[in-house]
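Colleague: Sharing model-v2.cif, mmCIF, C-alpha atoms:
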data_structure
loop_
_atom_site.group_PDB
_atom_site.id
_atom_site.type_symbol
_atom_site.label_atom_id
_atom_site.label_comp_id
_atom_site.auth_asym_id
_atom_site.auth_seq_id
_atom_site.Cartn_x
_atom_site.Cartn_y
_atom_site.Cartn_z
ATOM 1 C CA MET A 31 22.243 22.365 1.791
ATOM 2 C CA ARG A 32 19.037 22.858 -0.144
ATOM 3 C CA PHE A 33 19.118 24.466 -3.552
ATOM 4 C CA GLN A 34 17.067 27.645 -3.555
ATOM 5 C CA VAL A 35 16.129 29.319 -6.808
ATOM 6 C CA GLY A 36 16.033 32.708 -5.035
ATOM 7 C CA LYS A 37 19.776 32.487 -4.252
ATOM 8 C CA CYS A 38 20.637 32.353 -7.982
ATOM 9 C CA PRO A 39 18.934 35.344 -9.652
ATOM 10 C CA TRP A 40 20.158 34.287 -13.097
ATOM 11 C CA LEU A 41 18.409 30.913 -12.777
ATOM 12 C CA THR A 42 14.663 31.344 -13.086
ATOM 13 C CA GLY A 43 12.094 28.656 -12.391
ATOM 14 C CA ALA A 44 11.505 28.155 -16.127
ATOM 15 C CA THR A 45 15.226 27.735 -16.801
ATOM 16 C CA LEU A 46 15.515 25.273 -13.939
ATOM 17 C CA LEU A 47 12.539 23.310 -15.247
ATOM 18 C CA LEU A 48 14.018 23.128 -18.766
ATOM 19 C CA THR A 49 17.407 22.158 -17.366
ATOM 20 C CA LEU A 50 15.903 19.308 -15.366
ATOM 21 C CA CYS A 51 13.697 18.101 -18.216
ATOM 22 C CA LEU A 52 16.493 18.124 -20.770
ATOM 23 C CA ALA A 53 19.298 16.907 -18.522
ATOM 24 C CA PRO A 54 20.917 13.774 -19.937
ATOM 25 C CA GLY A 55 20.592 10.649 -17.830
ATOM 26 C CA VAL A 56 17.488 11.827 -15.954
ATOM 27 C CA PRO A 57 14.710 9.366 -16.757
ATOM 28 C CA ALA A 58 11.185 10.664 -17.209
ATOM 29 C CA ASP A 59 8.493 9.388 -14.863
ATOM 30 C CA THR A 60 6.944 6.172 -16.053
ATOM 31 C CA ALA A 61 3.205 6.011 -16.653
ATOM 32 C CA LEU A 62 2.949 3.839 -13.553
ATOM 33 C CA GLU A 63 4.717 6.445 -11.394
ATOM 34 C CA VAL A 64 2.431 9.166 -12.722
ATOM 35 C CA GLN A 65 -0.614 7.006 -12.036
ATOM 36 C CA MET A 66 0.539 6.332 -8.464
ATOM 37 C CA ARG A 67 1.140 10.020 -7.885
ATOM 38 C CA ASP A 68 -2.314 10.856 -9.294
ATOM 39 C CA LEU A 69 -3.864 8.339 -6.854
ATOM 40 C CA HIS A 70 -1.910 9.896 -3.958
ATOM 41 C CA ILE A 71 0.249 6.845 -3.363
ATOM 42 C CA GLU A 72 3.690 7.689 -2.032
ATOM 43 C CA THR A 73 6.575 5.937 -3.739
ATOM 44 C CA PRO A 74 9.830 5.223 -1.913
ATOM 45 C CA ARG A 75 13.095 6.857 -2.933
ATOM 46 C CA GLU A 76 14.721 3.465 -2.571
ATOM 47 C CA ARG A 77 12.810 0.180 -2.760
ATOM 48 C CA LEU A 78 13.739 -1.361 0.585
ATOM 49 C CA PRO A 79 12.650 -4.849 1.682
ATOM 50 C CA ALA A 80 9.394 -5.021 3.635
ATOM 51 C CA PRO A 81 9.902 -6.315 7.192
ATOM 52 C CA GLY A 82 8.929 -9.941 7.528
ATOM 53 C CA PHE A 83 6.313 -11.023 10.035
ATOM 54 C CA GLU A 84 4.262 -13.943 11.241
ATOM 55 C CA LEU A 85 0.721 -13.417 12.553
ATOM 56 C CA LEU A 86 -2.328 -15.537 13.332
ATOM 57 C CA THR A 87 -5.556 -14.982 11.411
ATOM 58 C CA LEU A 88 -9.082 -14.967 12.812
ATOM 59 C CA ASP A 89 -9.223 -18.649 11.818
ATOM 60 C CA GLY A 90 -6.060 -19.444 13.793
ATOM 61 C CA GLU A 91 -3.913 -19.960 10.696
ATOM 62 C CA THR A 92 -0.382 -18.582 10.548
ATOM 63 C CA VAL A 93 0.361 -15.924 7.917
ATOM 64 C CA ARG A 94 3.969 -15.173 6.943
ATOM 65 C CA LEU A 95 4.705 -12.305 4.591
ATOM 66 C CA GLY A 96 7.597 -14.265 3.054
ATOM 67 C CA ALA A 97 5.170 -16.963 1.884
ATOM 68 C CA TYR A 98 3.824 -14.511 -0.714
ATOM 69 C CA ARG A 99 7.155 -13.846 -2.416
ATOM 70 C CA GLY A 100 6.556 -13.689 -6.160
ATOM 71 C CA ARG A 101 3.151 -12.003 -5.802
ATOM 72 C CA LEU A 102 2.018 -8.421 -5.413
ATOM 73 C CA VAL A 103 0.865 -7.834 -1.812
ATOM 74 C CA LEU A 104 -1.411 -5.120 -0.461
ATOM 75 C CA LEU A 105 -0.649 -4.983 3.253
ATOM 76 C CA HIS A 106 -3.526 -3.062 4.778
ATOM 77 C CA PHE A 107 -3.566 -1.872 8.417
ATOM 78 C CA TRP A 108 -6.976 -1.138 9.931
ATOM 79 C CA ALA A 109 -9.008 -1.245 13.157
ATOM 80 C CA THR A 110 -12.689 -1.625 14.011
ATOM 81 C CA PHE A 111 -12.667 1.700 15.894
ATOM 82 C CA CYS A 112 -11.475 3.567 12.761
ATOM 83 C CA GLU A 113 -14.436 4.839 10.717
ATOM 84 C CA PRO A 114 -12.486 5.369 7.448
ATOM 85 C CA CYS A 115 -11.134 1.813 7.863
ATOM 86 C CA ARG A 116 -14.652 0.453 8.240
ATOM 87 C CA LYS A 117 -15.620 2.149 4.957
ATOM 88 C CA GLU A 118 -12.485 1.147 3.064
ATOM 89 C CA LEU A 119 -12.215 -2.543 3.964
ATOM 90 C CA PRO A 120 -15.278 -3.623 1.925
ATOM 91 C CA ALA A 121 -13.755 -1.811 -1.089
ATOM 92 C CA LEU A 122 -10.604 -3.930 -0.734
ATOM 93 C CA ASP A 123 -12.771 -7.035 -0.564
ATOM 94 C CA ARG A 124 -14.624 -5.970 -3.733
ATOM 95 C CA LEU A 125 -11.271 -5.304 -5.453
ATOM 96 C CA ALA A 126 -10.219 -8.887 -4.769
ATOM 97 C CA GLY A 127 -13.558 -10.140 -6.127
ATOM 98 C CA LYS A 128 -13.323 -8.048 -9.301
ATOM 99 C CA LEU A 129 -9.775 -9.158 -10.091
ATOM 100 C CA GLY A 130 -10.464 -12.803 -9.304
ATOM 101 C CA ALA A 131 -7.515 -15.144 -9.781
ATOM 102 C CA ASP A 132 -5.336 -12.191 -10.857
ATOM 103 C CA SER A 133 -5.935 -10.445 -7.553
ATOM 104 C CA PRO A 134 -2.941 -9.443 -5.488
ATOM 105 C CA VAL A 135 -2.605 -10.933 -2.029
ATOM 106 C CA ILE A 136 -4.542 -8.666 0.311
ATOM 107 C CA LEU A 137 -3.673 -8.975 3.985
ATOM 108 C CA ALA A 138 -5.966 -6.837 6.149
ATOM 109 C CA VAL A 139 -4.016 -6.607 9.410
ATOM 110 C CA ALA A 140 -6.343 -5.747 12.298
ATOM 111 C CA VAL A 141 -4.478 -3.680 14.880
ATOM 112 C CA ASP A 142 -7.256 -3.766 17.477
ATOM 113 C CA ARG A 143 -5.689 -4.608 20.836
ATOM 114 C CA ASP A 144 -7.320 -7.563 22.573
ATOM 115 C CA ARG A 145 -10.531 -7.254 20.547
ATOM 116 C CA PRO A 146 -10.591 -10.284 18.239
ATOM 117 C CA ARG A 147 -14.340 -10.757 18.792
ATOM 118 C CA GLN A 148 -15.093 -7.284 17.473
ATOM 119 C CA VAL A 149 -12.832 -7.892 14.476
ATOM 120 C CA ALA A 150 -14.558 -11.231 13.789
ATOM 121 C CA LYS A 151 -17.989 -9.607 14.140
ATOM 122 C CA PHE A 152 -17.098 -6.864 11.631
ATOM 123 C CA VAL A 153 -15.699 -9.384 9.141
ATOM 124 C CA ARG A 154 -18.777 -11.585 9.516
ATOM 125 C CA GLU A 155 -21.279 -8.689 9.232
ATOM 126 C CA HIS A 156 -19.669 -7.493 5.998
ATOM 127 C CA ALA A 157 -19.109 -11.024 4.629
ATOM 128 C CA LEU A 158 -15.470 -10.198 3.954
ATOM 129 C CA LYS A 159 -13.403 -12.888 2.291
ATOM 130 C CA LEU A 160 -10.057 -11.189 2.910
ATOM 131 C CA THR A 161 -7.328 -12.766 5.003
ATOM 132 C CA VAL A 162 -7.395 -10.931 8.342
ATOM 133 C CA PRO A 163 -4.242 -11.382 10.427
ATOM 134 C CA LEU A 164 -4.385 -10.060 13.998
ATOM 135 C CA ASP A 165 -1.681 -7.790 15.438
ATOM 136 C CA PRO A 166 -2.907 -7.475 19.054
ATOM 137 C CA ASP A 167 0.433 -6.421 20.532
ATOM 138 C CA GLY A 168 1.180 -3.914 17.757
ATOM 139 C CA LYS A 169 4.612 -5.299 16.873
ATOM 140 C CA VAL A 170 3.955 -5.448 13.133
ATOM 141 C CA ARG A 171 2.225 -2.052 13.209
ATOM 142 C CA THR A 172 5.321 -0.631 14.899
ATOM 143 C CA SER A 173 7.766 -2.261 12.470
ATOM 144 C CA TYR A 174 5.838 -0.685 9.565
ATOM 145 C CA GLU A 175 5.791 2.706 11.323
ATOM 146 C CA ILE A 176 2.014 3.072 11.119
ATOM 147 C CA ASP A 177 1.046 6.530 12.374
ATOM 148 C CA ALA A 178 -2.424 6.754 10.848
ATOM 149 C CA LEU A 179 -5.205 4.355 9.947
ATOM 150 C CA PRO A 180 -5.953 3.104 7.427
ATOM 151 C CA THR A 181 -2.539 2.656 5.825
ATOM 152 C CA THR A 182 -1.842 0.311 2.937
ATOM 153 C CA TYR A 183 1.585 -0.758 1.723
ATOM 154 C CA LEU A 184 2.067 -2.103 -1.775
ATOM 155 C CA ILE A 185 4.811 -4.710 -1.754
ATOM 156 C CA GLY A 186 6.224 -6.019 -5.024
ATOM 157 C CA PRO A 187 6.787 -9.664 -5.920
ATOM 158 C CA ASP A 188 10.435 -9.145 -4.959
ATOM 159 C CA GLY A 189 9.393 -8.385 -1.358
ATOM 160 C CA ARG A 190 10.301 -4.697 -1.632
ATOM 161 C CA PHE A 191 8.127 -1.648 -1.049
ATOM 162 C CA VAL A 192 6.431 -0.163 -4.111
ATOM 163 C CA GLY A 193 4.195 2.422 -2.466
ATOM 164 C CA ARG A 194 2.167 3.520 0.535
ATOM 165 C CA ALA A 195 -1.341 4.917 0.751
ATOM 166 C CA VAL A 196 -2.268 6.690 3.975
ATOM 167 C CA GLY A 197 -5.967 7.264 4.400
ATOM 168 C CA GLU A 198 -9.091 5.864 2.819
ATOM 169 C CA ARG A 199 -8.976 4.956 -0.879
ATOM 170 C CA PRO A 200 -11.616 3.670 -3.338
ATOM 171 C CA TRP A 201 -9.695 0.435 -3.988
ATOM 172 C CA ASP A 202 -12.471 -1.073 -6.101
ATOM 173 C CA SER A 203 -12.581 1.871 -8.532
ATOM 174 C CA PRO A 204 -11.489 1.417 -12.170
ATOM 175 C CA GLN A 205 -8.413 3.616 -11.542
ATOM 176 C CA PHE A 206 -7.144 1.421 -8.711
ATOM 177 C CA ARG A 207 -7.922 -1.793 -10.617
ATOM 178 C CA GLN A 208 -5.883 -0.402 -13.520
ATOM 179 C CA LEU A 209 -3.042 0.482 -11.144
ATOM 180 C CA ILE A 210 -2.989 -3.029 -9.660
ATOM 181 C CA SER A 211 -2.966 -4.589 -13.137
ATOM 182 C CA GLY A 212 -0.121 -2.293 -14.163
ATOM 183 C CA LEU A 213 1.893 -3.099 -11.048
ATOM 184 C CA ARG A 214 1.477 -6.843 -11.564
ATOM 185 C CA SER A 215 2.687 -6.642 -15.155
ATOM 186 C CA GLN A 216 5.594 -4.240 -14.604
ATOM 187 C CA MET A 217 7.089 -5.318 -11.286
ATOM 188 C CA PRO A 218 10.300 -7.343 -11.213
ATOM 189 C CA ASP A 219 10.086 -10.789 -9.643
#
Show me this structure written as structure tokens.
Modeller:
Amino acid sequence: MRFQVGKCPWLTGATLLLTLCLAPGVPADTALEVQMRDLHIETPRERLPAPGFELLTLDGETVRLGAYRGRLVLLHFWATFCEPCRKELPALDRLAGKLGADSPVILAVAVDRDRPRQVAKFVREHALKLTVPLDPDGKVRTSYEIDALPTTYLIGPDGRFVGRAVGERPWDSPQFRQLISGLRSQMPD
């Protein structure tokens, strides 16, 4: 049953707000949570483990999510037929370049079905240095419940979800660089 302020005439919105703010044992949002909310990144109610996977890259190398345990991972789902994806992917590549050695692992999972040549052409044309695993059968996309492209999951060093961004984001902006730096320094291993 949902609590409705209208059902309790003696409890106004202001009283409810003060009650929630002053309630003992209710922690205030951290600066990192506020920053994520301001950047429209959804945070999970419970930090569940990210589903493991194994995919081949454009270069034929095997990528396993579990191999990146201990590092912050941006798991980005995109496709060549998605215009916002085509705009956003270079920003992710620039983010990695600006952060250098402190960069999180960025896995740009291409969900194009049976179109590895088009994926390779896009990566080549934009001189992207990102790791691009291929998900041609959509199994990983399905396990991550991707309904819209682009979608990016932030996965903590402990292998658990930190946040999810649905839609295009300016990943190379100062605000997102600050967020990534904050996540790296505050996340449990």
Colleague: For His106 of chain A, which residue among A:Asp188, A:Asp165, A:Asp144, A:Asp89 is the nearest when counting all atoms listed in the file?
Modeller: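 Of A:Asp188, A:Asp165, A:Asp144, A:Asp89, the one nearest His106 of chain A, counting all atoms listed in the file, is A:Asp165.
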Colleague: Could you give me, as a list in words, the residues that sit within 12 Å of (-16.1, -10.3, 5.5) in the file's coordinates, counting all atoms listed in the file?
Modeller: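 Checking each residue against the 12 Å limit leaves Leu88, Arg116, Leu119, Pro120, Ala121, Leu122, Asp123, Arg124, Ala126, Gly127, Ala138, Val149, Ala150, Lys151, Phe152, Val153, Arg154, Glu155, His156, Ala157, Leu158, Lys159, Leu160, Thr161 and Val162 of chain A.
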Colleague: Give me, please, the distance in Å between atom CA of Ser211 of chain A and atom CA of Gly100 of chain A, quoted to one decimal.
Modeller: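 Computed distance, atom CA of Ser211 of chain A to atom CA of Gly100 of chain A, equals 14.9 Å.
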Colleague: Closest to Lys169 of chain A among A:Gln65, A:Val139, A:Leu184, A:Arg99, using all atoms listed in the file?
Modeller: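 Among the listed residues, the smallest separation from Lys169 of chain A belongs to A:Val139.
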Colleague: How far is it from atom CA of Val141 of chain A to atom CA of Trp108 of chain A, in Å with one decimal?
Modeller: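 Interatomic distance, atom CA of Val141 of chain A to atom CA of Trp108 of chain A: 6.1 Å.
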Colleague: Quick one: residues within 8 Å of segment 67-77 of chain A, all atoms listed in the file counted, chain neighbours fewer than 2 positions away excluded, as a VMD selection string?
Modeller: chain A and resid 63 to 65 79 190 to 196 206
Colleague: Taking all atoms listed in the file into account, which of A:Arg207, A:Glu198, A:Leu125, A:Gly189 comes nearest Tyr98 of chain A?
Modeller: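 Of the candidates, the smallest distance to Tyr98 of chain A is held by A:Gly189.
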Colleague: Taking into account all atoms listed in the file, which residue in the set A:Gly90, A:Pro163, A:Pro180, A:Gly168 is nearest to Phe111 of chain A?
Modeller: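 Among the listed residues, the smallest separation from Phe111 of chain A belongs to A:Pro180.
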